[in-house]
>>> print(open('target.pdb').read())   # PDB, C-alpha atoms and all ligand atoms
ATOM      1  CA  MET A   1     123.220 137.962 214.221
ATOM      2  CA  THR A   2     122.444 134.664 215.919
ATOM      3  CA  ARG A   3     123.220 131.507 213.953
ATOM      4  CA  TYR A   4     122.126 128.456 215.893
ATOM      5  CA  GLY A   5     124.141 125.260 215.713
ATOM      6  CA  MET A   6     124.876 122.060 217.601
ATOM      7  CA  VAL A   7     127.976 120.061 218.464
ATOM      8  CA  ILE A   8     127.458 116.363 219.264
ATOM      9  CA  ASP A   9     130.200 114.709 221.289
ATOM     10  CA  ILE A  10     130.019 111.028 220.356
ATOM     11  CA  THR A  11     132.502 110.130 223.091
ATOM     12  CA  ARG A  12     129.909 111.215 225.682
ATOM     13  CA  CYS A  13     126.849 109.574 224.126
ATOM     14  CA  ASN A  14     125.832 106.378 225.941
ATOM     15  CA  GLY A  15     122.796 105.565 223.824
ATOM     16  CA  CYS A  16     120.271 106.285 226.606
ATOM     17  CA  TYR A  17     117.683 107.704 224.143
ATOM     18  CA  ASN A  18     116.665 110.490 226.552
ATOM     19  CA  CYS A  19     117.008 112.974 223.671
ATOM     20  CA  PHE A  20     114.676 110.922 221.496
ATOM     21  CA  ILE A  21     112.114 110.563 224.299
ATOM     22  CA  ALA A  22     112.219 114.314 225.027
ATOM     23  CA  CYS A  23     111.597 114.991 221.332
ATOM     24  CA  ARG A  24     108.625 112.618 221.344
ATOM     25  CA  ASP A  25     107.296 114.247 224.502
ATOM     26  CA  GLU A  26     107.513 117.696 222.961
ATOM     27  CA  TYR A  27     105.965 116.912 219.592
ATOM     28  CA  CYS A  28     103.666 113.871 219.789
ATOM     29  CA  GLY A  29     100.105 115.165 219.849
ATOM     30  CA  ASN A  30     101.250 118.805 219.981
ATOM     31  CA  ASP A  31     100.775 121.286 217.152
ATOM     32  CA  TYR A  32     102.937 124.408 217.112
ATOM     33  CA  PRO A  33     101.277 126.434 214.361
ATOM     34  CA  THR A  34     103.679 127.858 211.750
ATOM     35  CA  TYR A  35     106.556 125.838 213.272
ATOM     36  CA  SER A  36     105.395 122.216 213.124
ATOM     37  CA  ALA A  37     102.358 119.968 213.231
ATOM     38  CA  ALA A  38     102.123 117.121 215.756
ATOM     39  CA  GLN A  39     104.545 114.253 215.285
ATOM     40  CA  PRO A  40     102.905 110.850 214.753
ATOM     41  CA  ASP A  41     103.284 108.176 217.450
ATOM     42  CA  LYS A  42     105.226 105.870 215.159
ATOM     43  CA  GLY A  43     107.742 106.073 212.354
ATOM     44  CA  SER A  44     109.272 109.494 213.011
ATOM     45  CA  PHE A  45     112.779 109.898 214.368
ATOM     46  CA  TRP A  46     113.489 113.609 214.366
ATOM     47  CA  ILE A  47     116.566 112.650 216.398
ATOM     48  CA  LYS A  48     117.683 109.069 215.859
ATOM     49  CA  ILE A  49     120.541 107.179 217.430
ATOM     50  CA  ILE A  50     122.622 105.035 215.090
ATOM     51  CA  GLU A  51     124.269 102.158 216.948
ATOM     52  CA  LYS A  52     127.358 100.725 215.368
ATOM     53  CA  GLU A  53     129.219  97.781 216.804
ATOM     54  CA  ARG A  54     132.940  98.103 216.396
ATOM     55  CA  GLY A  55     135.375  95.227 216.258
ATOM     56  CA  LYS A  56     134.901  91.499 216.320
ATOM     57  CA  TYR A  57     135.903  89.003 218.989
ATOM     58  CA  PRO A  58     138.746  88.432 220.031
ATOM     59  CA  HIS A  59     139.629  92.049 219.198
ATOM     60  CA  PRO A  60     138.037  94.817 221.277
ATOM     61  CA  VAL A  61     134.289  95.065 220.736
ATOM     62  CA  GLY A  62     132.364  98.227 221.561
ATOM     63  CA  VAL A  63     129.324 100.186 220.446
ATOM     64  CA  ALA A  64     129.478 103.737 219.097
ATOM     65  CA  TYR A  65     126.242 105.750 219.285
ATOM     66  CA  THR A  66     125.769 108.554 216.782
ATOM     67  CA  PRO A  67     122.729 110.836 217.217
ATOM     68  CA  ILE A  68     121.517 112.131 213.857
ATOM     69  CA  LEU A  69     119.022 114.932 213.301
ATOM     70  CA  CYS A  70     118.452 117.667 210.730
ATOM     71  CA  GLN A  71     121.806 119.421 210.311
ATOM     72  CA  HIS A  72     120.135 122.801 209.636
ATOM     73  CA  CYS A  73     122.429 123.321 206.674
ATOM     74  CA  ASP A  74     123.244 126.863 205.529
ATOM     75  CA  GLU A  75     123.177 125.587 201.946
ATOM     76  CA  ALA A  76     120.445 122.995 202.329
ATOM     77  CA  ASN A  77     119.369 120.795 199.432
ATOM     78  CA  CYS A  78     115.874 120.655 200.913
ATOM     79  CA  VAL A  79     115.508 124.461 200.823
ATOM     80  CA  LYS A  80     116.707 124.513 197.208
ATOM     81  CA  ALA A  81     114.223 121.781 196.274
ATOM     82  CA  ALA A  82     111.274 123.613 197.842
ATOM     83  CA  LYS A  83     110.492 126.029 195.037
ATOM     84  CA  ASN A  84     107.463 127.620 196.720
ATOM     85  CA  GLY A  85     108.883 128.272 200.162
ATOM     86  CA  GLU A  86     107.664 124.968 201.658
ATOM     87  CA  ILE A  87     111.046 124.719 203.390
ATOM     88  CA  TYR A  88     112.941 127.828 204.368
ATOM     89  CA  ARG A  89     115.914 128.975 206.391
ATOM     90  CA  ARG A  90     115.203 131.501 209.131
ATOM     91  CA  GLU A  91     117.527 134.424 209.823
ATOM     92  CA  ASP A  92     118.914 132.534 212.812
ATOM     93  CA  GLY A  93     119.832 129.633 210.519
ATOM     94  CA  ILE A  94     117.088 127.215 211.599
ATOM     95  CA  VAL A  95     115.576 125.313 208.671
ATOM     96  CA  ILE A  96     111.804 124.913 208.948
ATOM     97  CA  ILE A  97     109.302 122.900 206.922
ATOM     98  CA  ASP A  98     106.114 124.953 206.677
ATOM     99  CA  PRO A  99     103.374 122.571 207.883
ATOM    100  CA  GLU A 100     100.765 124.234 205.664
ATOM    101  CA  LYS A 101     102.652 124.919 202.438
ATOM    102  CA  SER A 102     104.276 121.463 202.429
ATOM    103  CA  LYS A 103     100.998 119.510 202.376
ATOM    104  CA  GLY A 104     101.160 116.637 199.889
ATOM    105  CA  LYS A 105     104.831 117.344 198.992
ATOM    106  CA  LYS A 106     106.197 113.891 199.682
ATOM    107  CA  GLU A 107     108.962 114.379 197.099
ATOM    108  CA  LEU A 108     110.697 116.865 199.441
ATOM    109  CA  MET A 109     111.773 113.938 201.621
ATOM    110  CA  SER A 110     114.264 112.762 199.017
ATOM    111  CA  ALA A 111     115.944 116.194 198.794
ATOM    112  CA  CYS A 112     117.811 115.527 202.050
ATOM    113  CA  PRO A 113     120.835 113.236 201.700
ATOM    114  CA  TYR A 114     120.885 112.780 205.501
ATOM    115  CA  ARG A 115     117.407 111.194 205.239
ATOM    116  CA  VAL A 116     116.094 113.119 208.253
ATOM    117  CA  ILE A 117     112.798 114.230 206.725
ATOM    118  CA  TYR A 118     109.918 111.903 207.671
ATOM    119  CA  TRP A 119     106.517 111.563 206.109
ATOM    120  CA  ASN A 120     103.473 112.091 208.339
ATOM    121  CA  ASP A 121     100.778 109.970 206.662
ATOM    122  CA  GLU A 122      97.985 111.203 208.847
ATOM    123  CA  LYS A 123      98.662 114.890 208.149
ATOM    124  CA  ASN A 124     100.021 114.354 204.634
ATOM    125  CA  ILE A 125     103.168 116.427 205.271
ATOM    126  CA  PRO A 126     106.971 116.010 205.474
ATOM    127  CA  GLN A 127     108.430 116.735 208.918
ATOM    128  CA  LYS A 128     111.766 117.031 210.706
ATOM    129  CA  CYS A 129     113.600 118.557 213.667
ATOM    130  CA  THR A 130     113.066 122.299 214.137
ATOM    131  CA  PHE A 131     115.733 122.797 216.848
ATOM    132  CA  CYS A 132     112.595 123.468 218.948
ATOM    133  CA  ALA A 133     112.311 126.896 217.302
ATOM    134  CA  HIS A 134     108.979 127.542 219.048
ATOM    135  CA  LEU A 135     110.737 127.222 222.416
ATOM    136  CA  LEU A 136     113.765 129.308 221.420
ATOM    137  CA  ASP A 137     111.424 132.059 220.244
ATOM    138  CA  ALA A 138     109.749 131.874 223.655
ATOM    139  CA  GLY A 139     113.063 132.435 225.415
ATOM    140  CA  TRP A 140     114.439 128.918 225.869
ATOM    141  CA  LYS A 141     118.223 128.618 225.559
ATOM    142  CA  GLU A 142     118.272 125.134 224.043
ATOM    143  CA  PRO A 143     116.021 122.495 222.442
ATOM    144  CA  ARG A 144     114.381 119.747 224.524
ATOM    145  CA  CYS A 145     116.846 117.037 223.397
ATOM    146  CA  VAL A 146     119.818 119.079 224.598
ATOM    147  CA  GLU A 147     118.150 119.797 227.925
ATOM    148  CA  ALA A 148     117.371 116.078 228.382
ATOM    149  CA  CYS A 149     120.856 114.741 227.616
ATOM    150  CA  PRO A 150     122.365 113.558 230.929
ATOM    151  CA  THR A 151     125.947 113.426 229.657
ATOM    152  CA  ALA A 152     126.220 116.805 227.904
ATOM    153  CA  ALA A 153     126.838 114.984 224.627
ATOM    154  CA  LEU A 154     124.605 117.546 222.903
ATOM    155  CA  LYS A 155     125.782 121.154 222.974
ATOM    156  CA  PHE A 156     123.752 123.973 221.485
ATOM    157  CA  GLY A 157     124.323 127.659 220.962
ATOM    158  CA  ASP A 158     125.110 130.557 218.687
ATOM    159  CA  LEU A 159     127.867 129.717 216.224
ATOM    160  CA  ASP A 160     128.401 133.439 215.597
ATOM    161  CA  ASP A 161     129.002 134.203 219.284
ATOM    162  CA  PRO A 162     132.741 133.599 219.848
ATOM    163  CA  ASN A 163     132.066 133.082 223.556
ATOM    164  CA  SER A 164     129.569 130.244 223.080
ATOM    165  CA  GLU A 165     130.765 126.693 223.747
ATOM    166  CA  VAL A 166     129.787 125.534 220.257
ATOM    167  CA  ALA A 167     131.657 128.390 218.565
ATOM    168  CA  LYS A 168     134.750 127.691 220.676
ATOM    169  CA  LEU A 169     134.708 123.973 219.808
ATOM    170  CA  VAL A 170     134.388 124.791 216.117
ATOM    171  CA  ALA A 171     137.139 127.454 216.314
ATOM    172  CA  GLU A 172     139.463 125.009 218.083
ATOM    173  CA  GLY A 173     139.048 122.625 215.148
ATOM    174  CA  LYS A 174     137.745 119.867 217.414
ATOM    175  CA  VAL A 175     134.722 119.038 215.306
ATOM    176  CA  GLU A 176     133.960 117.189 212.092
ATOM    177  CA  ILE A 177     130.995 117.234 209.735
ATOM    178  CA  LEU A 178     129.227 113.885 209.416
ATOM    179  CA  HIS A 179     129.165 114.005 205.605
ATOM    180  CA  PRO A 180     131.390 116.845 204.353
ATOM    181  CA  GLU A 181     131.002 115.433 200.825
ATOM    182  CA  TYR A 182     127.414 116.754 200.748
ATOM    183  CA  ASN A 183     128.789 120.338 200.754
ATOM    184  CA  MET A 184     125.754 121.826 202.507
ATOM    185  CA  LYS A 185     127.475 123.900 205.238
ATOM    186  CA  GLU A 186     125.899 121.861 208.016
ATOM    187  CA  LYS A 187     125.463 123.597 211.388
ATOM    188  CA  VAL A 188     125.566 120.327 213.315
ATOM    189  CA  SER A 189     129.063 118.976 213.816
ATOM    190  CA  TYR A 190     130.541 116.063 215.723
ATOM    191  CA  ILE A 191     133.367 115.257 218.102
ATOM    192  CA  GLY A 192     134.825 111.740 218.079
ATOM    193  CA  LEU A 193     133.100 110.260 215.052
ATOM    194  CA  PRO A 194     133.987 106.560 214.944
ATOM    195  CA  LYS A 195     137.073 105.823 212.894
ATOM    196  CA  ARG A 196     138.242 102.563 211.341
ATOM    197  CA  PHE A 197     140.784 100.133 212.725
ATOM    198  CA  ILE A 198     142.912  97.340 211.331
ATOM    199  CA  ALA A 199     143.547  94.419 213.704
ATOM    200  CA  GLY A 200     144.773  90.848 213.557
ATOM    201  CA  THR A 201     146.528  88.041 215.405
ATOM    202  CA  VAL A 202     149.880  86.602 214.330
ATOM    203  CA  VAL A 203     150.677  82.936 214.990
ATOM    204  CA  PHE A 204     153.937  81.009 214.473
ATOM    205  CA  GLY A 205     152.716  78.370 212.014
ATOM    206  CA  ASP A 206     155.360  75.784 212.922
ATOM    207  CA  THR A 207     154.646  75.772 216.681
ATOM    208  CA  ASP A 208     151.056  77.095 216.668
ATOM    209  CA  GLU A 209     152.062  79.619 219.357
ATOM    210  CA  CYS A 210     151.080  83.286 219.652
ATOM    211  CA  ALA A 211     153.703  85.344 217.843
ATOM    212  CA  ASP A 212     154.663  88.221 220.112
ATOM    213  CA  LYS A 213     157.003  91.091 219.205
ATOM    214  CA  VAL A 214     156.332  90.579 215.480
ATOM    215  CA  THR A 215     156.765  93.740 213.412
ATOM    216  CA  VAL A 216     153.582  94.964 211.710
ATOM    217  CA  THR A 217     153.915  97.865 209.297
ATOM    218  CA  ILE A 218     150.749  99.577 208.098
ATOM    219  CA  SER A 219     151.163 102.037 205.251
ATOM    220  CA  ASP A 220     148.888 104.074 202.992
ATOM    221  CA  GLY A 221     151.690 104.688 200.505
ATOM    222  CA  GLN A 222     152.762 107.933 202.145
ATOM    223  CA  GLU A 223     152.597 107.507 205.906
ATOM    224  CA  LYS A 224     153.781 104.425 207.661
ATOM    225  CA  GLU A 225     153.001 103.144 211.180
ATOM    226  CA  THR A 226     155.054 100.371 212.756
ATOM    227  CA  LEU A 227     153.677  98.252 215.608
ATOM    228  CA  LYS A 228     154.737  95.168 217.578
ATOM    229  CA  THR A 229     152.322  92.351 218.394
ATOM    230  CA  ASN A 230     151.596  91.778 222.090
ATOM    231  CA  ASN A 231     151.979  88.565 224.146
ATOM    232  CA  TYR A 232     148.887  87.126 222.482
ATOM    233  CA  GLY A 233     150.132  87.924 218.981
ATOM    234  CA  ASP A 234     147.532  90.682 218.603
ATOM    235  CA  PHE A 235     147.998  94.032 216.873
ATOM    236  CA  GLU A 236     145.587  96.893 216.298
ATOM    237  CA  LEU A 237     145.832 100.330 214.696
ATOM    238  CA  ASP A 238     142.789 102.542 215.408
ATOM    239  CA  GLY A 239     141.764 106.034 214.282
ATOM    240  CA  LEU A 240     142.051 105.406 210.538
ATOM    241  CA  PRO A 241     139.875 107.147 207.944
ATOM    242  CA  SER A 242     137.161 105.249 206.044
ATOM    243  CA  ASN A 243     137.465 103.987 202.484
ATOM    244  CA  LYS A 244     141.232 103.977 202.202
ATOM    245  CA  GLU A 245     143.578 101.266 201.013
ATOM    246  CA  TYR A 246     146.424 100.144 203.274
ATOM    247  CA  THR A 247     149.309  97.713 202.900
ATOM    248  CA  VAL A 248     149.928  95.570 205.978
ATOM    249  CA  ARG A 249     153.329  93.889 206.187
ATOM    250  CA  ILE A 250     154.092  91.256 208.835
ATOM    251  CA  SER A 251     157.735  90.352 209.420
ATOM    252  CA  TYR A 252     159.815  88.416 211.950
ATOM    253  CA  THR A 253     163.388  87.150 211.816
ATOM    254  CA  GLY A 254     163.596  83.597 210.469
ATOM    255  CA  TYR A 255     160.061  83.664 209.017
ATOM    256  CA  LYS A 256     158.764  84.624 205.561
ATOM    257  CA  PRO A 257     157.332  88.142 205.556
ATOM    258  CA  GLN A 258     153.703  88.485 204.469
ATOM    259  CA  THR A 259     152.014  91.428 202.789
ATOM    260  CA  PHE A 260     148.270  92.142 202.558
ATOM    261  CA  LYS A 261     146.166  94.843 200.951
ATOM    262  CA  VAL A 262     143.178  95.924 203.055
ATOM    263  CA  PHE A 263     140.475  98.533 202.529
ATOM    264  CA  THR A 264     138.851 100.427 205.410
ATOM    265  CA  ARG A 265     135.275 100.371 204.124
ATOM    266  CA  ASP A 266     134.580  99.042 207.610
ATOM    267  CA  ASP A 267     136.787  98.022 210.525
ATOM    268  CA  VAL A 268     139.245  95.424 209.248
ATOM    269  CA  CYS A 269     139.664  92.267 211.357
ATOM    270  CA  MET A 270     142.313  90.185 209.611
ATOM    271  CA  GLY A 271     141.858  87.149 211.845
ATOM    272  CA  ASP A 272     144.751  84.700 212.426
ATOM    273  CA  ILE A 273     147.840  85.190 210.246
ATOM    274  CA  PHE A 274     150.160  82.178 210.258
ATOM    275  CA  LEU A 275     153.914  82.769 209.747
ATOM    276  CA  THR A 276     155.949  80.025 208.061
ATOM    277  CA  ARG A 277     159.698  79.456 208.430
ATOM    278  CA  LYS A 278     162.053  80.543 205.657
TER
HETATM  279  S1  LIG A 301     119.973 117.995 206.992
HETATM  280 FE1  LIG A 301     118.568 117.634 205.304
HETATM  281  S2  LIG A 301     116.597 118.370 206.036
HETATM  282 FE2  LIG A 301     118.138 119.267 207.364
HETATM  283  S3  LIG A 301     118.622 121.270 206.439
HETATM  284 FE3  LIG A 301     120.121 119.804 205.648
HETATM  285  S4  LIG A 301     119.219 119.100 203.713
HETATM  286 FE4  LIG A 301     117.539 120.050 204.893
HETATM  287  S1  LIG A 302     120.388 111.887 225.521
HETATM  288 FE1  LIG A 302     122.571 112.320 225.170
HETATM  289  S2  LIG A 302     123.634 110.438 225.860
HETATM  290 FE2  LIG A 302     121.453 109.895 225.614
HETATM  291  S3  LIG A 302     121.311 109.079 223.490
HETATM  292 FE3  LIG A 302     120.811 111.274 223.388
HETATM  293  S4  LIG A 302     122.789 112.279 222.912
HETATM  294 FE4  LIG A 302     123.269 110.196 223.642
END
>>> encode(input="target.pdb", output="structure tokens")
Amino acid sequence: MTRYGMVIDITRCNGCYNCFIACRDEYCGNDYPTYSAAQPDKGSFWIKIIEKERGKYPHPVGVAYTPILCQHCDEANCVKAAKNGEIYRREDGIVIIDPEKSKGKKELMSACPYRVIYWNDEKNIPQKCTFCAHLLDAGWKEPRCVEACPTAALKFGDLDDPNSEVAKLVAEGKVEILHPEYNMKEKVSYIGLPKRFIAGTVVFGDTDECADKVTVTISDGQEKETLKTNNYGDFELDGLPSNKEYTVRISYTGYKPQTFKVFTRDDVCMGDIFLTRK
């Protein structure tokens, strides 16, 4: 049995928006009866690209792009909320909003914690990505967004076919769910989701010079990572999980050690840390 899914490789996404434009091209002004009604010109982002700037000068600054679309969950909140079959899961796992039955059911939008259901004011219906089910049923191998992606950041296929690329990536444990806490058995997974980092610059307070080769220990209470500052006094530890508390200890012979508590709600830029002599 086919079970369609997608793997999105964030490390390959350059934020070109070709996927979004292909989606618009496929759905704006085009009705696909039983699958979807035409997407409005404005206000619908069946695939949207979240841009997140990472870091803060003088530490490395970059932008991570995360495409987000309906995750076609096997245990979808939206399907559970649609008591009269307005939203249903097909045998191949694709979740569809029935464009007729869902008329006037604006409340279904709030059933999705990913916030990927959009309201079409003109047609009075909720709408979202269909994985281009009308094309797959006509023999296409992948949705328009996947076909349009120039970097192969979007990969699509049958999760139940062990030879498909998506099934192999999942089996190799290379993927993560965007929000595993929602517990909806999402069929869209991600490679390289942005992680948090802790960074700072250490300065010798008495001479106002960059403090190189200072020992920086970053610990979560169980695991400990020890770094040395570089010639500019900078240190950085990347790849940390979100929403975790860490203790950062800065020490150097002849200077008073300093200890800080930080929380990785976001990337942590500690700024300049001045060491004072013992
Ligand atoms: S991501 Fe949201 S809209 Fe899509 S299947 Fe899951 S709960 Fe439904
Ligand atoms: S087309 Fe591909 S590279 Fe461009 S924004 Fe979409 S996912 Fe990223």
>>> resolve_selection(input="target.pdb", expression="the PyMOL selection byres (((not hetatm)) within 10 of (chain A and resi 301))", output="NGL selection string")
:A and (68-81 or 87-89 or 93-97 or 108-118 or 126-130 or 182-188)
>>> closest_residue(input="target.pdb", among="A:Asp212, A:Asp98, A:Glu147, A:Glu86", to="ligand LIG 302 (chain A)", atoms="all atoms listed in the file")
A:Glu147
>>> closest_residue(input="target.pdb", among="A:Glu223, A:Lys195, A:Glu176, A:Gly200", to="Leu240 (chain A)", atoms="all atoms listed in the file")
A:Lys195
>>> resolve_selection(input="target.pdb", expression="the PyMOL selection byres (((chain A and resi 38) around 7) and not hetatm)", output="ChimeraX atom specification")
/A:27-31,36-37,39-40
>>> atom_distance(input="target.pdb", atom1="CA of Pro99 (chain A)", atom2="CA of Glu26 (chain A)")
16.4 Å
>>> decode(input="target.pdb", residues="region 193-211 of chain A", atoms="N, CA and C atoms", output="JSON list (two decimals), in the first residue's frame")
[["chain", "number", "residue", "atom", "x", "y", "z"],
["A", 193, "LEU", "N", 17.18, 20.57, 10.65],
["A", 193, "LEU", "CA", 16.42, 21.65, 11.29],
["A", 193, "LEU", "C", 17.38, 22.50, 12.11],
["A", 194, "PRO", "N", 17.21, 23.84, 12.04],
["A", 194, "PRO", "CA", 18.16, 24.70, 12.76],
["A", 194, "PRO", "C", 18.20, 24.38, 14.25],
["A", 195, "LYS", "N", 19.41, 24.32, 14.76],
["A", 195, "LYS", "CA", 19.60, 24.08, 16.19],
["A", 195, "LYS", "C", 20.02, 25.40, 16.85],
["A", 196, "ARG", "N", 20.19, 25.36, 18.15],
["A", 196, "ARG", "CA", 20.61, 26.56, 18.89],
["A", 196, "ARG", "C", 22.12, 26.59, 19.06],
["A", 197, "PHE", "N", 22.67, 27.79, 19.26],
["A", 197, "PHE", "CA", 24.08, 27.86, 19.64],
["A", 197, "PHE", "C", 24.25, 28.82, 20.80],
["A", 198, "ILE", "N", 25.37, 28.62, 21.50],
["A", 198, "ILE", "CA", 25.77, 29.54, 22.57],
["A", 198, "ILE", "C", 27.11, 30.12, 22.13],
["A", 199, "ALA", "N", 27.23, 31.45, 22.13],
["A", 199, "ALA", "CA", 28.48, 32.08, 21.67],
["A", 199, "ALA", "C", 28.77, 33.29, 22.53],
["A", 200, "GLY", "N", 30.03, 33.67, 22.56],
["A", 200, "GLY", "CA", 30.41, 34.87, 23.31],
["A", 200, "GLY", "C", 31.85, 35.25, 22.99],
["A", 201, "THR", "N", 32.28, 36.36, 23.58],
["A", 201, "THR", "CA", 33.65, 36.85, 23.38],
["A", 201, "THR", "C", 34.24, 37.16, 24.75],
["A", 202, "VAL", "N", 35.43, 36.60, 25.02],
["A", 202, "VAL", "CA", 36.06, 36.82, 26.33],
["A", 202, "VAL", "C", 37.17, 37.85, 26.19],
["A", 203, "VAL", "N", 37.18, 38.79, 27.15],
["A", 203, "VAL", "CA", 38.15, 39.90, 27.11],
["A", 203, "VAL", "C", 38.88, 39.95, 28.45],
["A", 204, "PHE", "N", 40.21, 40.16, 28.41],
["A", 204, "PHE", "CA", 40.95, 40.38, 29.67],
["A", 204, "PHE", "C", 40.60, 41.79, 30.15],
["A", 205, "GLY", "N", 39.91, 41.88, 31.28],
["A", 205, "GLY", "CA", 39.42, 43.18, 31.74],
["A", 205, "GLY", "C", 40.53, 44.16, 32.09],
["A", 206, "ASP", "N", 41.68, 43.65, 32.55],
["A", 206, "ASP", "CA", 42.74, 44.56, 32.98],
["A", 206, "ASP", "C", 43.49, 45.19, 31.80],
["A", 207, "THR", "N", 43.56, 44.47, 30.67],
["A", 207, "THR", "CA", 44.31, 45.01, 29.52],
["A", 207, "THR", "C", 43.39, 45.36, 28.35],
["A", 208, "ASP", "N", 42.14, 44.98, 28.45],
["A", 208, "ASP", "CA", 41.15, 45.19, 27.39],
["A", 208, "ASP", "C", 41.53, 44.47, 26.09],
["A", 209, "GLU", "N", 42.26, 43.35, 26.23],
["A", 209, "GLU", "CA", 42.67, 42.59, 25.04],
["A", 209, "GLU", "C", 41.82, 41.34, 24.88],
["A", 210, "CYS", "N", 41.71, 40.87, 23.64],
["A", 210, "CYS", "CA", 40.98, 39.62, 23.37],
["A", 210, "CYS", "C", 41.63, 38.50, 24.18],
["A", 211, "ALA", "N", 40.82, 37.69, 24.83],
["A", 211, "ALA", "CA", 41.36, 36.62, 25.67],
["A", 211, "ALA", "C", 41.35, 35.31, 24.90]]
